[in-house]
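J.: Shown below is the structure under consideration.
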Amino acid sequence: MNIALKDRLDELVDSVNRIGFIEHDPIGIPHRFTLMQDIEISGLLAAVLAWGQRKTIINKTTELLNRMDNQPYDFILHHSENDRKPFLNFVHRTFQGIDAIYFLDFLQRHYRQYDTLESAFYPDIAKPYRQEEALNDFCSYFCSSRDLLQRTQKHIASPAKKSTCKRLNMYLRWMVRSDDRDVDFGLWKTIPMSGLMMPLDVHVENYARKFGLLTRKQRDWLAVVELTEALKDFDPHDPVKYDFALFGLGVMEHKGEMI
């Protein structure tokens with residue numbers, strides 16, 4: 001183990017894993033809410049829309065939530081098809097109104113059967129948790145409706161498609177991780193923190209390579225596995241806490257503009 005690198009990353013985690021850091025980060029969106037389901041829904045929407053300028057991501061997610069009267073769980077449970085019409089003109093990069101409407105439909109179908117989105121990612125808690133399997137299963141579940149358009153599928157990544165699944169890994173970090181800093185929510189208790197996988201974007205990748213934590217040339221799911229396994233040497237119980245360090249370095253370098 002590279003003790004010097006571990007100490008450096010631990011220092012960075014300590015400096016970035018703070019409530020004050022989230023003001024201009026998409027995780028600040030679910031922090032507006034207290035009800036578990038509101039946090040889950042707003043967090044998923046923020047994560048799905050999380051590419052591009054951080055300010056734009058926050059503004060666009062806020063726009064979606066405003067159309068739900070900032071009561072996402074109540075809206076999801078009780079809205080009618082007619083209530084979906086105002087979402088048709090929503091646009092964020094390649095995410096368009098027709099995609100938003102499918103997400104509304106998916107979430108309504110799910111929450112009318114289950115109390116939490118955790119069951120969508122880990123439906124069979126009798127089986128050992130593996131995030132690769134969880135993400136593949138979630139993608140299949142999300143895409144199971146015959147009303148799904150092919151264009152909407154691309155907004156839910158999966159390891160089976162060799163994706164890094166950066167946004168879903170980030171969302172799972174938000175929902176599962178728990179510590180005394182209260183940045184991540186720790187709402188979901190059946191998924192172990194030790195089973196979480198690193199959200200891998202270009203900033204994290206660059207610093208992971210610089211520090212010798214990642215050698216795979218492709219940015220794909222196998223790169224996520226390699227990086228996460230390397231970070232487990234530093235903390236097998238909570239490897240993704242180092243997302244604060246590696247992503248934080250990227251944010252500091254690029255002044256927080258892009259994610």
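Following the order of the structure tokens, chains are lettered A, B, ..., residues in each are numbered from 1, and ligands are numbered from 1.
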Per DSSP on the backbone, what are the helix (DSSP H, G or I) residues of region 34-219 of chain A, as JSON, numbers by chain?
T.: {"A": [36, 37, 38, 39, 40, 41, 42, 43, 44, 45, 46, 47, 48, 54, 55, 56, 57, 58, 59, 60, 61, 62, 63, 64, 65, 66, 72, 73, 74, 75, 76, 77, 78, 81, 82, 83, 84, 85, 86, 87, 97, 98, 99, 100, 101, 102, 103, 104, 105, 106, 107, 108, 109, 110, 111, 118, 119, 120, 121, 131, 132, 133, 134, 135, 136, 137, 138, 139, 140, 141, 142, 150, 151, 152, 153, 159, 160, 161, 166, 167, 168, 169, 170, 171, 172, 173, 174, 175, 176, 193, 194, 195, 202, 203, 204, 205, 206, 207, 208, 209, 210]}
J.: Report as a compact mmCIF listing (two decimals) with N, CA and C atoms, in the first residue's frame all protein, DNA and RNA residues lying within 9 Å of Phe142 (chain A), evaluated on only C-alpha atoms, omitting residues in the same chain fewer than 5 positions from it.
T.:
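So part.txt came out as:
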```txt
# COMPACT_ATOMS: atom_id res chain seq x y z
N PHE A 103 -39.84 8.81 -17.62
CA PHE A 103 -39.36 8.73 -16.24
C PHE A 103 -40.52 8.89 -15.27
N PHE A 106 -42.40 5.60 -15.30
CA PHE A 106 -41.65 4.57 -14.60
C PHE A 106 -41.72 4.76 -13.08
N ALA A 120 -35.65 -1.14 -6.36
CA ALA A 120 -35.42 -1.19 -7.80
C ALA A 120 -33.97 -1.56 -8.12
N ASP A 137 -29.65 -5.09 -13.70
CA ASP A 137 -31.05 -5.40 -13.37
C ASP A 137 -31.91 -4.14 -13.37
N LEU A 148 -41.57 2.18 -23.80
CA LEU A 148 -40.23 2.76 -23.83
C LEU A 148 -39.79 3.05 -25.26
N GLN A 153 -33.70 4.94 -23.64
CA GLN A 153 -32.87 3.92 -23.01
C GLN A 153 -31.47 4.43 -22.69
N ILE A 156 -30.24 5.60 -19.12
CA ILE A 156 -29.96 4.66 -18.03
C ILE A 156 -28.88 3.70 -18.50
```
J.: From a DSSP calculation on the backbone, collect every residue of region 53-254 of chain A in strand (DSSP E or B) and output the set as an mmCIF file with C-alpha atoms, in the first residue's frame.
T.:
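Now in part24.cif:
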```
data_model
loop_
_atom_site.group_PDB
_atom_site.id
_atom_site.type_symbol
_atom_site.label_atom_id
_atom_site.label_comp_id
_atom_site.auth_asym_id
_atom_site.auth_seq_id
_atom_site.Cartn_x
_atom_site.Cartn_y
_atom_site.Cartn_z
ATOM 1 C CA GLN A 53 -22.158 22.707 -16.543
ATOM 2 C CA VAL A 91 -34.961 19.976 -22.718
ATOM 3 C CA HIS A 92 -31.558 19.394 -21.181
ATOM 4 C CA PHE A 95 -32.740 14.649 -22.452
ATOM 5 C CA GLN A 96 -36.075 15.835 -23.819
#
```
J.: Using only C-alpha atoms, determine which residues lie at most 7 Å from region 35-46 of chain A, disregarding the query and same-chain residues fewer than 3 positions distant; provide the list as an MDAnalysis selection string.
T.: chainID A and resid 26:27 29:30 49:50 61 71:73 116:117 171
J.: Can you measure CA of Cys139 (chain A) to CA of Asn206 (chain A) for me? One decimal in Å is fine.
T.: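 CA of Asn206 (chain A) lies at a distance of 27.7 Å from CA of Cys139 (chain A).
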J.: Rank nothing, just name the residue among A:Thr228, A:Ser158, A:Asn169, A:Thr62 nearest to Asn136 (chain A), using only C-alpha atoms.
T.: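 Comparing A:Thr228, A:Ser158, A:Asn169, A:Thr62 against Asn136 (chain A), the winner is A:Ser158.
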